[in-house]
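Heads up, run_16.cif below (mmCIF, N, CA and C atoms):
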data_protein
#
loop_
_atom_site.label_atom_id
_atom_site.label_comp_id
_atom_site.auth_asym_id
_atom_site.auth_seq_id
_atom_site.Cartn_x
_atom_site.Cartn_y
_atom_site.Cartn_z
N MET A 1 15.20 123.96 147.58
CA MET A 1 13.96 123.64 146.92
C MET A 1 13.62 122.19 147.26
N ASN A 2 12.44 121.98 147.79
CA ASN A 2 12.04 120.62 148.11
C ASN A 2 11.33 119.97 146.94
N VAL A 3 10.96 118.72 147.09
CA VAL A 3 10.36 117.95 146.01
C VAL A 3 9.03 118.55 145.58
N ASP A 4 8.21 118.99 146.53
CA ASP A 4 6.92 119.58 146.19
C ASP A 4 7.10 120.86 145.36
N ALA A 5 8.05 121.69 145.75
CA ALA A 5 8.29 122.93 145.01
C ALA A 5 8.81 122.63 143.61
N LEU A 6 9.67 121.60 143.48
CA LEU A 6 10.17 121.21 142.17
C LEU A 6 9.03 120.72 141.29
N PHE A 7 8.15 119.88 141.84
CA PHE A 7 7.02 119.38 141.09
C PHE A 7 6.10 120.51 140.66
N ASN A 8 5.81 121.44 141.59
CA ASN A 8 4.93 122.56 141.27
C ASN A 8 5.53 123.45 140.19
N SER A 9 6.85 123.65 140.23
CA SER A 9 7.48 124.48 139.20
C SER A 9 7.46 123.77 137.86
N LEU A 10 7.59 122.44 137.86
CA LEU A 10 7.50 121.70 136.60
C LEU A 10 6.10 121.74 136.02
N VAL A 11 5.09 121.64 136.90
CA VAL A 11 3.71 121.65 136.44
C VAL A 11 3.29 123.03 135.98
N SER A 12 3.64 124.07 136.71
CA SER A 12 3.18 125.42 136.38
C SER A 12 4.08 126.14 135.39
N GLY A 13 5.25 125.62 135.10
CA GLY A 13 6.19 126.28 134.20
C GLY A 13 5.64 126.60 132.84
N PRO A 14 5.15 125.62 132.06
CA PRO A 14 4.65 125.92 130.73
C PRO A 14 3.42 126.81 130.73
N ALA A 15 2.60 126.79 131.75
CA ALA A 15 1.40 127.61 131.81
C ALA A 15 1.74 129.08 131.96
N GLN A 16 2.92 129.39 132.45
CA GLN A 16 3.29 130.78 132.66
C GLN A 16 3.75 131.46 131.37
N THR A 17 4.02 130.70 130.31
CA THR A 17 4.49 131.33 129.08
C THR A 17 3.37 132.06 128.37
N GLY A 18 2.12 131.57 128.44
CA GLY A 18 0.96 132.26 127.90
C GLY A 18 1.07 132.60 126.43
N LEU A 19 1.11 131.61 125.55
CA LEU A 19 1.21 131.86 124.12
C LEU A 19 -0.03 132.56 123.61
N THR A 20 0.16 133.52 122.70
CA THR A 20 -0.95 134.28 122.13
C THR A 20 -1.14 133.89 120.68
N SER A 21 -2.08 134.56 119.99
CA SER A 21 -2.42 134.15 118.63
C SER A 21 -1.57 134.81 117.55
N GLY A 22 -0.78 135.83 117.85
CA GLY A 22 0.04 136.50 116.85
C GLY A 22 1.20 135.63 116.42
N VAL A 23 1.52 135.64 115.12
CA VAL A 23 2.59 134.79 114.60
C VAL A 23 3.93 135.23 115.16
N ASN A 24 4.24 136.52 115.12
CA ASN A 24 5.51 137.01 115.64
C ASN A 24 5.59 136.83 117.15
N GLU A 25 4.47 137.03 117.81
CA GLU A 25 4.45 136.86 119.26
C GLU A 25 4.66 135.40 119.63
N GLN A 26 4.11 134.48 118.83
CA GLN A 26 4.26 133.06 119.13
C GLN A 26 5.72 132.64 119.02
N SER A 27 6.41 133.09 117.99
CA SER A 27 7.79 132.67 117.81
C SER A 27 8.68 133.23 118.92
N SER A 28 8.45 134.48 119.33
CA SER A 28 9.27 135.04 120.39
C SER A 28 8.95 134.39 121.74
N GLU A 29 7.68 134.10 121.97
CA GLU A 29 7.33 133.47 123.23
C GLU A 29 7.70 132.00 123.24
N ALA A 30 7.73 131.35 122.08
CA ALA A 30 8.19 129.96 122.02
C ALA A 30 9.66 129.91 122.36
N THR A 31 10.43 130.88 121.88
CA THR A 31 11.84 130.95 122.24
C THR A 31 11.99 131.20 123.72
N THR A 32 11.16 132.09 124.27
CA THR A 32 11.20 132.35 125.70
C THR A 32 10.82 131.11 126.48
N GLY A 33 9.82 130.36 126.00
CA GLY A 33 9.42 129.12 126.66
C GLY A 33 10.55 128.12 126.66
N LEU A 34 11.31 128.06 125.55
CA LEU A 34 12.43 127.14 125.47
C LEU A 34 13.51 127.53 126.46
N SER A 35 13.83 128.82 126.52
CA SER A 35 14.86 129.25 127.45
C SER A 35 14.39 129.12 128.88
N SER A 36 13.10 129.30 129.13
CA SER A 36 12.62 129.15 130.49
C SER A 36 12.62 127.68 130.90
N PHE A 37 12.37 126.77 129.94
CA PHE A 37 12.45 125.35 130.27
C PHE A 37 13.88 124.96 130.58
N SER A 38 14.82 125.43 129.78
CA SER A 38 16.22 125.10 130.06
C SER A 38 16.67 125.74 131.37
N GLY A 39 16.19 126.94 131.64
CA GLY A 39 16.53 127.58 132.92
C GLY A 39 15.93 126.84 134.09
N MET A 40 14.68 126.38 133.91
CA MET A 40 14.02 125.61 134.96
C MET A 40 14.76 124.29 135.20
N LEU A 41 15.18 123.65 134.12
CA LEU A 41 15.92 122.39 134.24
C LEU A 41 17.27 122.62 134.90
N GLU A 42 17.92 123.71 134.52
CA GLU A 42 19.21 124.04 135.13
C GLU A 42 19.07 124.33 136.62
N ASN A 43 18.02 125.07 136.99
CA ASN A 43 17.78 125.35 138.41
C ASN A 43 17.47 124.08 139.19
N ALA A 44 16.70 123.17 138.58
CA ALA A 44 16.37 121.92 139.26
C ALA A 44 17.61 121.08 139.48
N MET A 45 18.49 121.01 138.47
CA MET A 45 19.72 120.23 138.61
C MET A 45 20.66 120.88 139.62
N GLY A 46 20.69 122.20 139.63
CA GLY A 46 21.51 122.90 140.63
C GLY A 46 21.01 122.65 142.03
N SER A 47 19.69 122.65 142.19
CA SER A 47 19.10 122.37 143.50
C SER A 47 19.39 120.94 143.94
N LEU A 48 19.30 120.02 143.00
CA LEU A 48 19.62 118.62 143.30
C LEU A 48 21.06 118.48 143.74
N ASN A 49 21.96 119.15 143.04
CA ASN A 49 23.38 119.10 143.39
C ASN A 49 23.62 119.70 144.78
N GLU A 50 22.97 120.83 145.06
CA GLU A 50 23.13 121.46 146.38
C GLU A 50 22.65 120.55 147.50
N GLN A 51 21.53 119.84 147.27
CA GLN A 51 21.03 118.92 148.28
C GLN A 51 21.99 117.77 148.50
N GLN A 52 22.58 117.25 147.42
CA GLN A 52 23.53 116.15 147.54
C GLN A 52 24.78 116.60 148.31
N VAL A 53 25.27 117.79 147.98
CA VAL A 53 26.45 118.32 148.66
C VAL A 53 26.15 118.57 150.14
N ALA A 54 24.99 119.14 150.45
CA ALA A 54 24.62 119.40 151.84
C ALA A 54 24.49 118.10 152.63
N ALA A 55 23.92 117.07 152.01
CA ALA A 55 23.78 115.79 152.69
C ALA A 55 25.15 115.17 152.95
N ASN A 56 26.04 115.23 151.95
CA ASN A 56 27.39 114.70 152.14
C ASN A 56 28.14 115.45 153.22
N GLN A 57 28.01 116.77 153.24
CA GLN A 57 28.67 117.58 154.26
C GLN A 57 28.12 117.26 155.65
N GLY A 58 26.80 117.06 155.73
CA GLY A 58 26.19 116.71 157.01
C GLY A 58 26.70 115.38 157.54
N VAL A 59 26.84 114.41 156.66
CA VAL A 59 27.36 113.09 157.07
C VAL A 59 28.81 113.23 157.52
N GLN A 60 29.61 114.00 156.77
CA GLN A 60 31.01 114.20 157.15
C GLN A 60 31.11 114.92 158.50
N ASP A 61 30.26 115.93 158.71
CA ASP A 61 30.27 116.63 160.00
C ASP A 61 29.87 115.71 161.14
N LEU A 62 28.93 114.81 160.89
CA LEU A 62 28.51 113.87 161.91
C LEU A 62 29.64 112.89 162.23
N ILE A 63 30.34 112.43 161.22
CA ILE A 63 31.43 111.48 161.43
C ILE A 63 32.59 112.13 162.17
N THR A 64 32.93 113.37 161.80
CA THR A 64 34.06 114.05 162.43
C THR A 64 33.71 114.63 163.80
N GLY A 65 32.44 114.66 164.13
CA GLY A 65 32.03 115.18 165.44
C GLY A 65 31.75 116.66 165.45
N ASN A 66 31.70 117.31 164.29
CA ASN A 66 31.40 118.74 164.24
C ASN A 66 29.94 119.03 164.57
N THR A 67 29.08 118.05 164.39
CA THR A 67 27.67 118.19 164.74
C THR A 67 27.23 116.91 165.43
N ASP A 68 26.24 117.05 166.28
CA ASP A 68 25.72 115.86 166.96
C ASP A 68 24.22 115.70 166.73
N ASN A 69 23.71 116.41 165.73
CA ASN A 69 22.28 116.38 165.44
C ASN A 69 22.01 115.36 164.32
N LEU A 70 21.86 114.11 164.73
CA LEU A 70 21.60 113.03 163.79
C LEU A 70 20.29 113.23 163.05
N HIS A 71 19.32 113.80 163.73
CA HIS A 71 18.00 113.99 163.15
C HIS A 71 18.06 114.84 161.88
N ASN A 72 18.74 115.99 161.94
CA ASN A 72 18.84 116.86 160.77
C ASN A 72 19.64 116.22 159.64
N VAL A 73 20.67 115.48 160.00
CA VAL A 73 21.47 114.81 158.98
C VAL A 73 20.64 113.76 158.26
N MET A 74 19.83 113.02 159.00
CA MET A 74 18.98 112.01 158.38
C MET A 74 17.92 112.65 157.48
N ILE A 75 17.38 113.79 157.90
CA ILE A 75 16.40 114.50 157.07
C ILE A 75 17.06 114.98 155.78
N GLN A 76 18.25 115.58 155.88
CA GLN A 76 18.96 116.04 154.68
C GLN A 76 19.26 114.88 153.74
N THR A 77 19.68 113.77 154.29
CA THR A 77 20.01 112.61 153.47
C THR A 77 18.77 112.05 152.79
N SER A 78 17.65 111.99 153.51
CA SER A 78 16.41 111.49 152.92
C SER A 78 15.90 112.42 151.82
N GLU A 79 15.97 113.73 152.05
CA GLU A 79 15.54 114.69 151.03
C GLU A 79 16.40 114.57 149.78
N ALA A 80 17.71 114.42 149.97
CA ALA A 80 18.61 114.28 148.82
C ALA A 80 18.32 113.00 148.06
N GLN A 81 18.05 111.91 148.78
CA GLN A 81 17.74 110.64 148.14
C GLN A 81 16.43 110.73 147.35
N LEU A 82 15.40 111.33 147.94
CA LEU A 82 14.12 111.47 147.24
C LEU A 82 14.24 112.38 146.01
N SER A 83 15.01 113.44 146.12
CA SER A 83 15.21 114.33 144.98
C SER A 83 15.93 113.61 143.84
N LEU A 84 16.92 112.80 144.19
CA LEU A 84 17.64 112.05 143.16
C LEU A 84 16.73 111.02 142.50
N GLU A 85 15.91 110.34 143.29
CA GLU A 85 14.98 109.37 142.74
C GLU A 85 13.95 110.05 141.82
N LEU A 86 13.49 111.24 142.20
CA LEU A 86 12.57 111.99 141.34
C LEU A 86 13.24 112.36 140.03
N ALA A 87 14.47 112.83 140.09
CA ALA A 87 15.20 113.20 138.87
C ALA A 87 15.40 111.98 137.97
N LEU A 88 15.70 110.84 138.55
CA LEU A 88 15.88 109.62 137.76
C LEU A 88 14.58 109.18 137.11
N GLN A 89 13.47 109.29 137.84
CA GLN A 89 12.18 108.91 137.27
C GLN A 89 11.78 109.86 136.14
N LEU A 90 12.06 111.16 136.30
CA LEU A 90 11.77 112.11 135.23
C LEU A 90 12.61 111.81 134.00
N ARG A 91 13.88 111.46 134.22
CA ARG A 91 14.73 111.09 133.10
C ARG A 91 14.20 109.85 132.40
N ASN A 92 13.82 108.84 133.19
CA ASN A 92 13.30 107.59 132.61
C ASN A 92 12.03 107.84 131.80
N LYS A 93 11.12 108.66 132.33
CA LYS A 93 9.89 108.97 131.61
C LYS A 93 10.19 109.75 130.33
N GLY A 94 11.13 110.65 130.38
CA GLY A 94 11.52 111.39 129.19
C GLY A 94 12.12 110.48 128.13
N LEU A 95 12.95 109.54 128.55
CA LEU A 95 13.53 108.59 127.60
C LEU A 95 12.47 107.67 127.02
N GLU A 96 11.52 107.25 127.83
CA GLU A 96 10.42 106.42 127.33
C GLU A 96 9.62 107.18 126.27
N ALA A 97 9.31 108.45 126.55
CA ALA A 97 8.55 109.25 125.60
C ALA A 97 9.34 109.45 124.31
N TYR A 98 10.63 109.71 124.42
CA TYR A 98 11.49 109.87 123.25
C TYR A 98 11.50 108.59 122.42
N ASN A 99 11.67 107.45 123.08
CA ASN A 99 11.70 106.18 122.35
C ASN A 99 10.37 105.88 121.68
N GLU A 100 9.25 106.22 122.32
CA GLU A 100 7.95 106.00 121.70
C GLU A 100 7.79 106.88 120.46
N ILE A 101 8.22 108.12 120.55
CA ILE A 101 8.13 109.02 119.40
C ILE A 101 9.05 108.53 118.29
N LYS A 102 10.25 108.09 118.66
CA LYS A 102 11.21 107.61 117.68
C LYS A 102 10.69 106.37 116.95
N ASN A 103 9.95 105.54 117.64
CA ASN A 103 9.46 104.29 117.05
C ASN A 103 8.14 104.46 116.29
N MET A 104 7.58 105.67 116.28
CA MET A 104 6.34 105.89 115.54
C MET A 104 6.61 105.77 114.06
N GLN A 105 5.64 105.18 113.36
CA GLN A 105 5.77 105.07 111.93
C GLN A 105 4.77 106.04 111.27
N PHE A 106 5.26 106.76 110.30
CA PHE A 106 4.43 107.75 109.64
C PHE A 106 3.90 107.26 108.33
#

Once you've parsed the file, please lay out its structure as structure tokens.
Amino acid sequence: MNVDALFNSLVSGPAQTGLTSGVNEQSSEATTGLSSFSGMLENAMGSLNEQQVAANQGVQDLITGNTDNLHNVMIQTSEAQLSLELALQLRNKGLEAYNEIKNMQF
């Protein structure tokens, strides 16, 4: 999963739950929305981990001489770096939002 696909899944994720006006339907779909968010987050973290592992393996293969394609290794490393930076920025924005909500006075 590349960065664009991750962003698109984050943007379109909540819109796919389609909450309706029924009280019972809202509670069941809210639970589904919660599980789909956690599933989406789990998939994103799994994808990030896979990219990091693939980049590390590519660098190791390049060092040991198992591959001589520097171009692909550099692309994998750059994609892994950008994905990690995106995840860190999302975490930072989430923490900022949490702190703002926590500091609200009622």

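Picture a line from atom CA of A:Gln51 to atom CA of A:Leu70; it runs 16.6 Å.
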
Please report the interatomic distance between atom N of A:Leu62 and atom CA of A:Ser78 in Å with one decimal.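 Computed distance, atom N of A:Leu62 to atom CA of A:Ser78, equals 15.2 Å.
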
For a test of reading the model, state the distance in Å between atom C of A:Arg91 and atom N of A:Glu50, rounded to one decimal. 18.9 Å

Residue with smallest distance to A:Leu41 - pool A:Leu82, A:Leu90, A:Ile75, A:Ala54, counting only C-alpha atoms: A:Leu90

Given the choices A:Thr77, A:Tyr98, A:Asn69, A:Leu84, which gets closest to A:Ala55 if the distance is worked out from all atoms listed in the file? A:Thr77

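For the residues A:Met74, A:Met45, A:Ala97, A:Met104, ranking by smallest atom-to-atom distance to A:Val59 using only N, CA and C atoms places A:Met74 first.
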
Mind listing whatever residues come within 7 Å of the point (15.5, 117.2, 142.8)? Use only C-alpha atoms, file coordinates, and give them as a PyMOL selection string. chain A and resi 3+6+44-45+47-48+83-84+86-87
